[in-house]
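Novice: Enclosed is the structure file coords_4.pdb (PDB, C-alpha atoms).
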```
MODEL        1
ATOM      1  CA  MET S   1      86.528  53.969  43.034
ATOM      2  CA  GLU S   2      83.874  56.497  42.022
ATOM      3  CA  ASP S   3      82.379  56.362  45.517
ATOM      4  CA  THR S   4      85.732  56.962  47.230
ATOM      5  CA  PHE S   5      86.460  59.861  44.881
ATOM      6  CA  ARG S   6      83.109  61.367  45.844
ATOM      7  CA  TRP S   7      83.985  61.075  49.537
ATOM      8  CA  ALA S   8      87.367  62.668  48.842
ATOM      9  CA  LEU S   9      85.546  65.679  47.349
ATOM     10  CA  VAL S  10      83.278  65.859  50.407
ATOM     11  CA  THR S  11      86.309  65.711  52.716
ATOM     12  CA  ALA S  12      88.028  68.487  50.731
ATOM     13  CA  ILE S  13      85.274  70.902  51.825
ATOM     14  CA  ALA S  14      86.902  71.002  55.275
ATOM     15  CA  PRO S  15      90.475  72.121  54.471
ATOM     16  CA  VAL S  16      89.219  74.578  51.846
ATOM     17  CA  ALA S  17      86.894  76.149  54.428
ATOM     18  CA  TRP S  18      89.678  76.166  57.016
ATOM     19  CA  GLY S  19      91.949  77.887  54.499
ATOM     20  CA  THR S  20      89.466  80.781  54.205
ATOM     21  CA  ASN S  21      89.304  80.953  57.990
ATOM     22  CA  TYR S  22      92.773  82.588  58.171
ATOM     23  CA  PHE S  23      91.603  85.573  56.136
ATOM     24  CA  VAL S  24      88.300  85.993  57.996
ATOM     25  CA  THR S  25      89.960  85.722  61.409
ATOM     26  CA  HIS S  26      92.678  88.240  60.507
ATOM     27  CA  GLU S  27      90.327  90.761  58.901
ATOM     28  CA  TYR S  28      87.166  90.649  61.011
ATOM     29  CA  LEU S  29      87.574  88.888  64.371
ATOM     30  CA  PRO S  30      88.856  90.588  67.568
ATOM     31  CA  ALA S  31      92.495  89.939  68.392
ATOM     32  CA  GLY S  32      93.797  88.907  71.798
ATOM     33  CA  HIS S  33      90.914  86.624  72.786
ATOM     34  CA  PRO S  34      91.876  83.088  71.682
ATOM     35  CA  LEU S  35      89.770  81.342  74.335
ATOM     36  CA  TYR S  36      86.606  83.342  73.734
ATOM     37  CA  GLY S  37      87.248  83.080  70.001
ATOM     38  CA  ALA S  38      87.340  79.298  70.321
ATOM     39  CA  VAL S  39      84.135  79.320  72.426
ATOM     40  CA  PHE S  40      82.317  81.552  69.910
ATOM     41  CA  ARG S  41      83.468  79.264  67.118
ATOM     42  CA  ALA S  42      82.635  75.922  68.709
ATOM     43  CA  LEU S  43      79.549  76.342  70.882
ATOM     44  CA  PRO S  44      77.039  78.013  68.483
ATOM     45  CA  ALA S  45      78.050  75.642  65.678
ATOM     46  CA  GLY S  46      77.646  72.659  67.990
ATOM     47  CA  LEU S  47      74.224  73.771  69.216
ATOM     48  CA  LEU S  48      73.083  74.287  65.619
ATOM     49  CA  LEU S  49      74.180  70.779  64.600
ATOM     50  CA  LEU S  50      72.629  69.370  67.788
ATOM     51  CA  ALA S  51      69.302  70.932  66.802
ATOM     52  CA  VAL S  52      69.605  69.266  63.386
ATOM     53  CA  ALA S  53      70.637  65.854  64.759
ATOM     54  CA  ARG S  54      68.209  65.939  67.737
ATOM     55  CA  ARG S  55      70.200  63.271  69.531
ATOM     56  CA  LEU S  56      72.137  63.321  72.790
ATOM     57  CA  PRO S  57      75.089  61.058  73.589
ATOM     58  CA  ARG S  58      74.353  57.716  75.197
ATOM     59  CA  GLY S  59      76.469  55.492  77.419
ATOM     60  CA  VAL S  60      80.198  55.800  76.798
ATOM     61  CA  TRP S  61      79.606  58.547  74.257
ATOM     62  CA  TRP S  62      79.300  61.096  77.068
ATOM     63  CA  TRP S  63      82.977  60.786  78.032
ATOM     64  CA  ARG S  64      84.041  60.123  74.440
ATOM     65  CA  SER S  65      82.403  63.364  73.336
ATOM     66  CA  VAL S  66      84.240  65.311  76.039
ATOM     67  CA  LEU S  67      87.598  63.737  75.160
ATOM     68  CA  LEU S  68      87.138  64.252  71.414
ATOM     69  CA  GLY S  69      85.737  67.732  71.984
ATOM     70  CA  ILE S  70      88.901  68.733  73.855
ATOM     71  CA  CYS S  71      91.294  67.148  71.324
ATOM     72  CA  ASN S  72      89.544  68.141  68.087
ATOM     73  CA  MET S  73      87.801  71.383  69.022
ATOM     74  CA  GLY S  74      88.338  73.261  72.293
ATOM     75  CA  ALA S  75      92.021  72.826  73.103
ATOM     76  CA  PHE S  76      92.889  72.525  69.407
ATOM     77  CA  PHE S  77      91.282  75.871  68.511
ATOM     78  CA  ALA S  78      93.035  77.634  71.420
ATOM     79  CA  LEU S  79      96.445  76.075  70.666
ATOM     80  CA  ILE S  80      96.236  77.012  66.983
ATOM     81  CA  TYR S  81      95.296  80.581  67.896
ATOM     82  CA  LEU S  82      98.233  80.769  70.332
ATOM     83  CA  ALA S  83     100.665  79.327  67.786
ATOM     84  CA  SER S  84      99.525  81.843  65.162
ATOM     85  CA  GLN S  85     100.328  84.672  67.590
ATOM     86  CA  LEU S  86     103.779  83.369  68.581
ATOM     87  CA  LEU S  87     105.059  82.001  65.253
ATOM     88  CA  PRO S  88     105.262  83.153  61.654
ATOM     89  CA  VAL S  89     102.295  81.731  59.736
ATOM     90  CA  SER S  90     104.678  79.856  57.459
ATOM     91  CA  LEU S  91     106.346  77.993  60.325
ATOM     92  CA  ALA S  92     103.088  77.175  62.127
ATOM     93  CA  SER S  93     101.538  75.892  58.889
ATOM     94  CA  THR S  94     104.637  73.864  58.042
ATOM     95  CA  ILE S  95     104.486  72.116  61.424
ATOM     96  CA  MET S  96     100.780  71.361  60.940
ATOM     97  CA  SER S  97     101.488  70.028  57.434
ATOM     98  CA  ALA S  98     103.012  66.959  59.086
ATOM     99  CA  ALA S  99      99.428  65.817  59.775
ATOM    100  CA  PRO S 100      99.492  63.162  56.994
ATOM    101  CA  PHE S 101     102.382  61.433  58.785
ATOM    102  CA  THR S 102     100.940  61.723  62.290
ATOM    103  CA  MET S 103      97.468  60.632  61.184
ATOM    104  CA  ALA S 104      98.980  57.716  59.279
ATOM    105  CA  LEU S 105     100.916  56.643  62.390
ATOM    106  CA  PHE S 106      97.860  56.884  64.646
ATOM    107  CA  GLY S 107      95.798  55.111  61.993
ATOM    108  CA  TRP S 108      98.353  52.315  61.920
ATOM    109  CA  ALA S 109      98.463  52.047  65.711
ATOM    110  CA  LEU S 110      94.732  52.369  66.454
ATOM    111  CA  LEU S 111      93.037  51.127  63.268
ATOM    112  CA  ALA S 112      95.614  48.761  61.735
ATOM    113  CA  GLU S 113      95.648  50.956  58.596
ATOM    114  CA  ARG S 114      99.200  50.360  57.451
ATOM    115  CA  PRO S 115     100.351  53.307  55.292
ATOM    116  CA  THR S 116     101.423  52.376  51.779
ATOM    117  CA  VAL S 117     104.557  53.546  49.995
ATOM    118  CA  LEU S 118     102.398  55.809  47.797
ATOM    119  CA  VAL S 119     100.821  57.434  50.847
ATOM    120  CA  LEU S 120     104.203  58.086  52.482
ATOM    121  CA  THR S 121     105.650  59.397  49.209
ATOM    122  CA  GLY S 122     102.625  61.631  48.723
ATOM    123  CA  ALA S 123     102.921  62.941  52.280
ATOM    124  CA  SER S 124     106.612  63.744  51.761
ATOM    125  CA  ALA S 125     105.863  65.567  48.506
ATOM    126  CA  GLY S 126     103.008  67.455  50.138
ATOM    127  CA  ILE S 127     105.087  68.658  53.083
ATOM    128  CA  ALA S 128     107.902  69.739  50.748
ATOM    129  CA  GLY S 129     105.308  71.612  48.719
ATOM    130  CA  VAL S 130     103.978  73.410  51.808
ATOM    131  CA  VAL S 131     107.530  74.485  52.751
ATOM    132  CA  LEU S 132     108.037  75.955  49.266
ATOM    133  CA  LEU S 133     104.555  77.431  49.161
ATOM    134  CA  LEU S 134     104.806  79.296  52.451
ATOM    135  CA  GLY S 135     108.551  79.798  52.822
ATOM    136  CA  ALA S 136     110.662  79.003  55.858
ATOM    137  CA  GLY S 137     110.578  82.490  57.379
ATOM    138  CA  THR S 138     113.480  84.320  59.012
ATOM    139  CA  ALA S 139     111.870  85.572  62.223
ATOM    140  CA  ALA S 140     113.125  84.301  65.577
ATOM    141  CA  VAL S 141     111.477  81.053  66.622
ATOM    142  CA  ASP S 142     109.455  81.125  69.857
ATOM    143  CA  LEU S 143     109.674  77.665  71.406
ATOM    144  CA  ARG S 144     106.314  78.205  73.116
ATOM    145  CA  GLY S 145     104.708  78.559  69.700
ATOM    146  CA  VAL S 146     106.482  75.451  68.436
ATOM    147  CA  ALA S 147     105.258  73.522  71.482
ATOM    148  CA  ALA S 148     101.693  74.760  70.912
ATOM    149  CA  SER S 149     101.810  73.757  67.241
ATOM    150  CA  VAL S 150     103.223  70.303  67.966
ATOM    151  CA  ALA S 151     100.662  69.758  70.757
ATOM    152  CA  ALA S 152      97.841  70.794  68.416
ATOM    153  CA  LEU S 153      99.183  68.497  65.684
ATOM    154  CA  VAL S 154      99.498  65.406  67.901
ATOM    155  CA  MET S 155      96.280  66.048  69.817
ATOM    156  CA  SER S 156      94.114  66.584  66.737
ATOM    157  CA  SER S 157      95.661  63.690  64.790
ATOM    158  CA  CYS S 158      94.955  61.317  67.671
ATOM    159  CA  GLY S 159      91.471  62.784  68.124
ATOM    160  CA  TYR S 160      90.582  62.456  64.441
ATOM    161  CA  VAL S 161      91.653  58.815  64.358
ATOM    162  CA  LEU S 162      89.748  58.074  67.576
ATOM    163  CA  ALA S 163      86.704  59.750  66.031
ATOM    164  CA  LYS S 164      87.066  57.422  63.044
ATOM    165  CA  LYS S 165      87.415  54.420  65.353
ATOM    166  CA  TRP S 166      84.388  55.352  67.457
ATOM    167  CA  GLY S 167      82.347  57.252  64.875
ATOM    168  CA  ARG S 168      79.561  54.777  64.109
ATOM    169  CA  ALA S 169      77.215  55.816  66.915
ATOM    170  CA  ASP S 170      74.803  58.311  65.343
ATOM    171  CA  GLY S 171      76.503  59.590  62.208
ATOM    172  CA  PRO S 172      78.850  62.518  61.599
ATOM    173  CA  ILE S 173      76.341  65.320  62.293
ATOM    174  CA  ALA S 174      75.471  64.095  65.797
ATOM    175  CA  THR S 175      79.019  63.167  66.811
ATOM    176  CA  THR S 176      80.385  66.466  65.445
ATOM    177  CA  ALA S 177      77.707  68.360  67.412
ATOM    178  CA  TRP S 178      78.603  66.563  70.649
ATOM    179  CA  GLN S 179      82.298  67.341  70.209
ATOM    180  CA  LEU S 180      81.707  71.010  69.435
ATOM    181  CA  VAL S 181      79.363  71.538  72.383
ATOM    182  CA  ALA S 182      81.698  69.696  74.769
ATOM    183  CA  GLY S 183      84.777  71.564  73.509
ATOM    184  CA  GLY S 184      83.042  74.935  73.809
ATOM    185  CA  LEU S 185      81.676  74.290  77.305
ATOM    186  CA  VAL S 186      85.050  73.094  78.613
ATOM    187  CA  LEU S 187      86.696  76.339  77.460
ATOM    188  CA  ILE S 188      84.213  78.755  79.069
ATOM    189  CA  PRO S 189      85.642  78.721  82.635
ATOM    190  CA  PHE S 190      89.194  79.084  81.298
ATOM    191  CA  ALA S 191      88.111  82.025  79.135
ATOM    192  CA  VAL S 192      86.467  83.764  82.100
ATOM    193  CA  VAL S 193      89.507  83.289  84.367
ATOM    194  CA  VAL S 194      92.200  84.136  81.791
ATOM    195  CA  GLU S 195      90.511  86.742  79.563
ATOM    196  CA  GLY S 196      87.843  88.209  81.855
ATOM    197  CA  ALA S 197      84.765  89.629  80.181
ATOM    198  CA  PRO S 198      84.051  88.571  76.594
ATOM    199  CA  PRO S 199      85.046  91.023  73.846
ATOM    200  CA  ARG S 200      82.507  93.429  72.394
ATOM    201  CA  LEU S 201      81.594  92.460  68.859
ATOM    202  CA  ASP S 202      80.810  94.936  66.090
ATOM    203  CA  LEU S 203      78.758  93.971  63.036
ATOM    204  CA  PRO S 204      81.734  92.738  60.941
ATOM    205  CA  ALA S 205      82.890  90.561  63.857
ATOM    206  CA  VAL S 206      79.401  89.065  64.212
ATOM    207  CA  GLY S 207      79.376  88.308  60.498
ATOM    208  CA  GLY S 208      82.879  86.860  60.742
ATOM    209  CA  PHE S 209      81.941  84.562  63.602
ATOM    210  CA  ALA S 210      78.794  83.535  61.721
ATOM    211  CA  TYR S 211      80.924  82.483  58.757
ATOM    212  CA  VAL S 212      83.537  80.781  60.941
ATOM    213  CA  GLY S 213      80.870  78.939  62.918
ATOM    214  CA  LEU S 214      78.593  77.881  60.052
ATOM    215  CA  VAL S 215      81.049  77.234  57.215
ATOM    216  CA  ALA S 216      84.536  76.765  58.696
ATOM    217  CA  THR S 217      83.283  74.761  61.687
ATOM    218  CA  ALA S 218      79.819  73.165  61.423
ATOM    219  CA  LEU S 219      79.968  72.337  57.700
ATOM    220  CA  ALA S 220      83.727  71.736  57.598
ATOM    221  CA  PHE S 221      83.961  69.352  60.547
ATOM    222  CA  THR S 222      80.856  67.425  59.474
ATOM    223  CA  ALA S 223      82.456  66.883  56.056
ATOM    224  CA  TRP S 224      85.813  66.015  57.675
ATOM    225  CA  PHE S 225      84.383  63.362  59.999
ATOM    226  CA  ALA S 226      82.189  61.987  57.217
ATOM    227  CA  GLY S 227      85.336  61.538  55.129
ATOM    228  CA  LEU S 228      87.090  59.817  58.013
ATOM    229  CA  ARG S 229      84.330  57.198  58.077
ATOM    230  CA  HIS S 230      84.892  56.262  54.433
ATOM    231  CA  LEU S 231      88.585  56.959  53.743
ATOM    232  CA  SER S 232      91.812  55.959  55.446
ATOM    233  CA  ALA S 233      93.248  58.325  58.061
ATOM    234  CA  ALA S 234      96.395  58.883  55.961
ATOM    235  CA  THR S 235      94.381  59.843  52.872
ATOM    236  CA  VAL S 236      92.255  62.298  54.856
ATOM    237  CA  GLY S 237      95.424  63.812  56.310
ATOM    238  CA  LEU S 238      96.777  64.402  52.819
ATOM    239  CA  ILE S 239      93.543  66.019  51.655
ATOM    240  CA  GLY S 240      94.032  68.379  54.604
ATOM    241  CA  LEU S 241      97.026  69.890  52.783
ATOM    242  CA  LEU S 242      94.491  71.827  50.714
ATOM    243  CA  ASN S 243      94.270  74.126  53.753
ATOM    244  CA  PRO S 244      97.486  76.133  53.135
ATOM    245  CA  VAL S 245      96.892  75.952  49.370
ATOM    246  CA  THR S 246      93.533  77.659  49.839
ATOM    247  CA  GLY S 247      95.081  80.305  52.081
ATOM    248  CA  VAL S 248      97.718  81.194  49.477
ATOM    249  CA  LEU S 249      95.256  81.235  46.565
ATOM    250  CA  LEU S 250      92.850  83.405  48.559
ATOM    251  CA  GLY S 251      95.672  85.891  49.092
ATOM    252  CA  VAL S 252      96.175  86.004  45.324
ATOM    253  CA  LEU S 253      92.478  86.421  44.509
ATOM    254  CA  VAL S 254      91.429  88.774  47.324
ATOM    255  CA  ALA S 255      94.551  90.576  48.509
ATOM    256  CA  GLY S 256      96.177  90.938  45.095
ATOM    257  CA  GLU S 257      99.280  88.945  46.039
ATOM    258  CA  VAL S 258     101.458  87.514  43.249
ATOM    259  CA  LEU S 259     102.602  83.886  43.158
ATOM    260  CA  THR S 260     106.349  83.394  42.866
ATOM    261  CA  VAL S 261     107.966  80.582  40.879
ATOM    262  CA  ARG S 262     108.809  78.852  44.160
ATOM    263  CA  GLN S 263     105.165  79.009  45.272
ATOM    264  CA  VAL S 264     103.918  77.638  41.961
ATOM    265  CA  LEU S 265     106.352  74.734  42.330
ATOM    266  CA  GLY S 266     105.180  74.195  45.905
ATOM    267  CA  LEU S 267     101.546  74.255  44.826
ATOM    268  CA  GLY S 268     102.311  71.628  42.198
ATOM    269  CA  LEU S 269     104.070  69.398  44.750
ATOM    270  CA  VAL S 270     101.131  69.581  47.177
ATOM    271  CA  LEU S 271      98.608  68.667  44.482
ATOM    272  CA  PHE S 272     100.926  65.911  43.206
ATOM    273  CA  GLY S 273     101.196  64.480  46.718
ATOM    274  CA  ILE S 274      97.421  64.452  47.145
ATOM    275  CA  MET S 275      96.848  62.805  43.757
ATOM    276  CA  LEU S 276      99.638  60.275  44.289
ATOM    277  CA  SER S 277      97.936  58.836  47.353
ATOM    278  CA  ARG S 278      94.385  59.334  46.118
ATOM    279  CA  PRO S 279      91.643  57.039  47.414
ATOM    280  CA  GLY S 280      91.898  53.625  45.830
ATOM    281  CA  GLY S 281      95.676  53.802  45.601
ATOM    282  CA  GLY S 282      96.245  51.249  48.300
ATOM    283  CA  SER S 283      94.413  52.865  51.192
ATOM    284  CA  ARG S 284      91.825  50.807  52.998
ATOM    285  CA  VAL S 285      88.331  52.209  52.795
ATOM    286  CA  GLU S 286      85.746  51.529  55.461
ATOM    287  CA  ARG S 287      82.580  49.918  54.167
ATOM    288  CA  PRO S 288      79.270  51.394  55.341
ATOM    289  CA  VAL S 289      77.702  49.513  58.235
ATOM    290  CA  PRO S 290      74.101  48.318  57.687
ATOM    291  CA  GLU S 291      71.703  50.218  59.921
ATOM    292  CA  ALA S 292      70.402  47.078  61.577
ATOM    293  CA  SER S 293      73.874  45.963  62.611
ATOM    294  CA  LYS S 294      75.002  49.198  64.283
ATOM    295  CA  VAL S 295      75.904  48.858  67.927
ATOM    296  CA  TYR S 296      75.650  51.898  70.204
ATOM    297  CA  ARG S 297      78.602  51.590  72.526
TER     298      ARG S 297
ENDMDL
END
```
Show me, as structure tokens, the structure contained in the file I just sent.
Specialist:
Amino acid sequence: MEDTFRWALVTAIAPVAWGTNYFVTHEYLPAGHPLYGAVFRALPAGLLLLAVARRLPRGVWWWRSVLLGICNMGAFFALIYLASQLLPVSLASTIMSAAPFTMALFGWALLAERPTVLVLTGASAGIAGVVLLLGAGTAAVDLRGVAASVAALVMSSCGYVLAKKWGRADGPIATTAWQLVAGGLVLIPFAVVVEGAPPRLDLPAVGGFAYVGLVATALAFTAWFAGLRHLSAATVGLIGLLNPVTGVLLGVLVAGEVLTVRQVLGLGLVLFGIMLSRPGGGSRVERPVPEASKVYR
């Protein structure tokens, strides 16, 4: 139980870092370049992790890295950027908050991790909390943004579970590096065709991309995939609800925003949902594989 709680804390690094990413992107990064923004986020972070891991894919991991890189990194980053431009933040975040359900379903289908009643109850409470925390919004709904959000949700949930299923090759640092490099490289030709020349970056933008790449991408995704190796997909999905919580709390601490009673209630529901389906509460945990028995497939 203590070990699973420790891995839950490691996994929580990811959604907390992603929650700060909203503020950094809005304040410091150039607008109107979602494809180049995704390339600048993925490729340098991937090359850095690749230098640390010092391992290249082998065998089937070449095509697996490309597939996972598209689902979890390249296409996902671009779709999220597009959704954030077409939809109110509250609606886009509410759609993405369904990740505990979609990850639980993919985990059930691909890993035989049957979600427990506590996990489903916790997911329901968490999504209700996100709706209260962010509000429903009254702006007109752009169906293109909804489609982008749903595509990002399904694609990333499937990709995360596949990464858990296949993730024993060389550890989370190497497999995260391969995905980031593949996702960034795949996006480059699309960025050139659609957006033309890359945007000029001033010093704050360089610092913003450095933070996004090092903290919100390299560190965050390594922690996320490490958690997926040790916790059930449904539990990891619920921990991901800390993302909108972090975004709201950062607005309070940095931007001087004031929490309403509804938001406090929503915050409580999200935290209750995460605690209700905490590791050890019926979720299957993957046991570490002895080094000598690992098979590189």
Novice: For this file, the PyMOL selection byres ((chain S and resi 237) around 12) selects which residues, as a ChimeraX atom specification?
Specialist: /S:8,11-12,14-15,96-107,115,119-120,122-123,126-127,153,156-158,160-161,224-225,227-228,231-236,238-243,273-274,277-279
Novice: Could those selected residues go to a file with C-alpha atoms, as a PDB file, keeping the file's coordinate frame?
Specialist:
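The file below, again-v8.pdb, is the result:
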```pdb
ATOM      1  CA  ALA S   8      87.367  62.668  48.842  1.00  0.00           C
ATOM      2  CA  THR S  11      86.309  65.711  52.716  1.00  0.00           C
ATOM      3  CA  ALA S  12      88.028  68.487  50.731  1.00  0.00           C
ATOM      4  CA  ALA S  14      86.902  71.002  55.275  1.00  0.00           C
ATOM      5  CA  PRO S  15      90.475  72.121  54.471  1.00  0.00           C
ATOM      6  CA  MET S  96     100.780  71.361  60.940  1.00  0.00           C
ATOM      7  CA  SER S  97     101.488  70.028  57.434  1.00  0.00           C
ATOM      8  CA  ALA S  98     103.012  66.959  59.086  1.00  0.00           C
ATOM      9  CA  ALA S  99      99.428  65.817  59.775  1.00  0.00           C
ATOM     10  CA  PRO S 100      99.492  63.162  56.994  1.00  0.00           C
ATOM     11  CA  PHE S 101     102.382  61.433  58.785  1.00  0.00           C
ATOM     12  CA  THR S 102     100.940  61.723  62.290  1.00  0.00           C
ATOM     13  CA  MET S 103      97.468  60.632  61.184  1.00  0.00           C
ATOM     14  CA  ALA S 104      98.980  57.716  59.279  1.00  0.00           C
ATOM     15  CA  LEU S 105     100.916  56.643  62.390  1.00  0.00           C
ATOM     16  CA  PHE S 106      97.860  56.884  64.646  1.00  0.00           C
ATOM     17  CA  GLY S 107      95.798  55.111  61.993  1.00  0.00           C
ATOM     18  CA  PRO S 115     100.351  53.307  55.292  1.00  0.00           C
ATOM     19  CA  VAL S 119     100.821  57.434  50.847  1.00  0.00           C
ATOM     20  CA  LEU S 120     104.203  58.086  52.482  1.00  0.00           C
ATOM     21  CA  GLY S 122     102.625  61.631  48.723  1.00  0.00           C
ATOM     22  CA  ALA S 123     102.921  62.941  52.280  1.00  0.00           C
ATOM     23  CA  GLY S 126     103.008  67.455  50.138  1.00  0.00           C
ATOM     24  CA  ILE S 127     105.087  68.658  53.083  1.00  0.00           C
ATOM     25  CA  LEU S 153      99.183  68.497  65.684  1.00  0.00           C
ATOM     26  CA  SER S 156      94.114  66.584  66.737  1.00  0.00           C
ATOM     27  CA  SER S 157      95.661  63.690  64.790  1.00  0.00           C
ATOM     28  CA  CYS S 158      94.955  61.317  67.671  1.00  0.00           C
ATOM     29  CA  TYR S 160      90.582  62.456  64.441  1.00  0.00           C
ATOM     30  CA  VAL S 161      91.653  58.815  64.358  1.00  0.00           C
ATOM     31  CA  TRP S 224      85.813  66.015  57.675  1.00  0.00           C
ATOM     32  CA  PHE S 225      84.383  63.362  59.999  1.00  0.00           C
ATOM     33  CA  GLY S 227      85.336  61.538  55.129  1.00  0.00           C
ATOM     34  CA  LEU S 228      87.090  59.817  58.013  1.00  0.00           C
ATOM     35  CA  LEU S 231      88.585  56.959  53.743  1.00  0.00           C
ATOM     36  CA  SER S 232      91.812  55.959  55.446  1.00  0.00           C
ATOM     37  CA  ALA S 233      93.248  58.325  58.061  1.00  0.00           C
ATOM     38  CA  ALA S 234      96.395  58.883  55.961  1.00  0.00           C
ATOM     39  CA  THR S 235      94.381  59.843  52.872  1.00  0.00           C
ATOM     40  CA  VAL S 236      92.255  62.298  54.856  1.00  0.00           C
ATOM     41  CA  LEU S 238      96.777  64.402  52.819  1.00  0.00           C
ATOM     42  CA  ILE S 239      93.543  66.019  51.655  1.00  0.00           C
ATOM     43  CA  GLY S 240      94.032  68.379  54.604  1.00  0.00           C
ATOM     44  CA  LEU S 241      97.026  69.890  52.783  1.00  0.00           C
ATOM     45  CA  LEU S 242      94.491  71.827  50.714  1.00  0.00           C
ATOM     46  CA  ASN S 243      94.270  74.126  53.753  1.00  0.00           C
ATOM     47  CA  GLY S 273     101.196  64.480  46.718  1.00  0.00           C
ATOM     48  CA  ILE S 274      97.421  64.452  47.145  1.00  0.00           C
ATOM     49  CA  SER S 277      97.936  58.836  47.353  1.00  0.00           C
ATOM     50  CA  ARG S 278      94.385  59.334  46.118  1.00  0.00           C
ATOM     51  CA  PRO S 279      91.643  57.039  47.414  1.00  0.00           C
TER      52      PRO S 279
END
```
Novice: Please write the residues picked by the PyMOL selection byres ((chain S and resi 171-185) around 9) on this file as a count of residues only.
Specialist: 52
Novice: In the coordinates of the file, take the point (103.5, 65.7, 41.4) and a cut-off of 12 Å; then, counting all atoms listed in the file, name each qualifying protein, DNA or RNA residue as a list in words.
Specialist: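 Here is the list of nearby residues: Leu118, Thr121, Gly122, Ala123, Ser124, Ala125, Gly126, Ala128, Gly129, Val264, Leu265, Gly266, Leu267, Gly268, Leu269, Val270, Leu271, Phe272, Gly273, Ile274, Met275, Leu276 and Ser277 of chain S.
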Novice: Write a file of the selected residues as a short mmCIF file (atom, residue, chain, number, x, y, z; two decimals), keeping the file's coordinate frame, keeping C-alpha atoms.
Specialist:
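Contents of the output file again21.cif:
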```cif
data_model
loop_
_atom_site.label_atom_id
_atom_site.label_comp_id
_atom_site.auth_asym_id
_atom_site.auth_seq_id
_atom_site.Cartn_x
_atom_site.Cartn_y
_atom_site.Cartn_z
CA LEU S 118 102.40 55.81 47.80
CA THR S 121 105.65 59.40 49.21
CA GLY S 122 102.62 61.63 48.72
CA ALA S 123 102.92 62.94 52.28
CA SER S 124 106.61 63.74 51.76
CA ALA S 125 105.86 65.57 48.51
CA GLY S 126 103.01 67.46 50.14
CA ALA S 128 107.90 69.74 50.75
CA GLY S 129 105.31 71.61 48.72
CA VAL S 264 103.92 77.64 41.96
CA LEU S 265 106.35 74.73 42.33
CA GLY S 266 105.18 74.19 45.90
CA LEU S 267 101.55 74.26 44.83
CA GLY S 268 102.31 71.63 42.20
CA LEU S 269 104.07 69.40 44.75
CA VAL S 270 101.13 69.58 47.18
CA LEU S 271 98.61 68.67 44.48
CA PHE S 272 100.93 65.91 43.21
CA GLY S 273 101.20 64.48 46.72
CA ILE S 274 97.42 64.45 47.14
CA MET S 275 96.85 62.80 43.76
CA LEU S 276 99.64 60.28 44.29
CA SER S 277 97.94 58.84 47.35
#
```
Novice: Go through S:Thr116, S:Gln263, S:Gln85, S:Thr25 and flag the residue nearest Val245 in chain S, using all atoms listed in the file for the distances.
Specialist: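 Among S:Thr116, S:Gln263, S:Gln85, S:Thr25, it is S:Gln263 that comes nearest to Val245 in chain S.
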Novice: Tell me which protein, DNA and RNA residues are within 9 Å of Gly207 in chain S, counting all atoms listed in the file, leaving out same-chain ones fewer than 5 positions away, and put them as a PyMOL selection string.
Specialist: chain S and resi 28+202+212
Novice: Got a sec to resolve the PyMOL selection byres ((chain S and resi 22) around 10) on this structure and send the residues as a PDB file with C-alpha atoms, in the frame of the given file?
Specialist:
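File written: part-v1.pdb
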```pdb
ATOM      1  CA  ALA S  17      86.894  76.149  54.428  1.00  0.00           C
ATOM      2  CA  TRP S  18      89.678  76.166  57.016  1.00  0.00           C
ATOM      3  CA  GLY S  19      91.949  77.887  54.499  1.00  0.00           C
ATOM      4  CA  THR S  20      89.466  80.781  54.205  1.00  0.00           C
ATOM      5  CA  ASN S  21      89.304  80.953  57.990  1.00  0.00           C
ATOM      6  CA  PHE S  23      91.603  85.573  56.136  1.00  0.00           C
ATOM      7  CA  VAL S  24      88.300  85.993  57.996  1.00  0.00           C
ATOM      8  CA  THR S  25      89.960  85.722  61.409  1.00  0.00           C
ATOM      9  CA  HIS S  26      92.678  88.240  60.507  1.00  0.00           C
ATOM     10  CA  GLU S  27      90.327  90.761  58.901  1.00  0.00           C
ATOM     11  CA  SER S  84      99.525  81.843  65.162  1.00  0.00           C
ATOM     12  CA  VAL S  89     102.295  81.731  59.736  1.00  0.00           C
ATOM     13  CA  VAL S 212      83.537  80.781  60.941  1.00  0.00           C
ATOM     14  CA  ASN S 243      94.270  74.126  53.753  1.00  0.00           C
ATOM     15  CA  PRO S 244      97.486  76.133  53.135  1.00  0.00           C
ATOM     16  CA  THR S 246      93.533  77.659  49.839  1.00  0.00           C
ATOM     17  CA  GLY S 247      95.081  80.305  52.081  1.00  0.00           C
ATOM     18  CA  LEU S 250      92.850  83.405  48.559  1.00  0.00           C
TER      19      LEU S 250
END
```
Novice: Just how far from CA of Leu132 in chain S is CA of Arg262 in chain S, in Å to one decimal?
Specialist: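 Going from CA of Arg262 in chain S over to CA of Leu132 in chain S covers 5.9 Å.
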Novice: Just the number, please: distance in Å from CA of Ala92 in chain S to CA of Ala148 in chain S, one decimal.
Specialist: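 Computing the Euclidean distance for CA of Ala92 in chain S and CA of Ala148 in chain S yields 9.2 Å.
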Novice: What's the separation between CA of Gly145 in chain S and CA of Ile95 in chain S, in Å to one decimal place?
Specialist: 10.5 Å
Novice: Taking (98.9, 85.9, 73.9) in the coordinates of the supplied file, I want to know which residues reach to within 12 Å of it, counting only C-alpha atoms; could you give the answer as a ChimeraX atom specification?
Specialist: /S:31-35,78-87,144-145,148,194-195
Novice: Measuring between only C-alpha atoms, which one of S:Val130, S:Leu219, S:Val248, S:Leu29 shows the shortest distance to Pro204 in chain S?
Specialist: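 Checking each of S:Val130, S:Leu219, S:Val248, S:Leu29 against Pro204 in chain S, counting only C-alpha atoms, the winner is S:Leu29.
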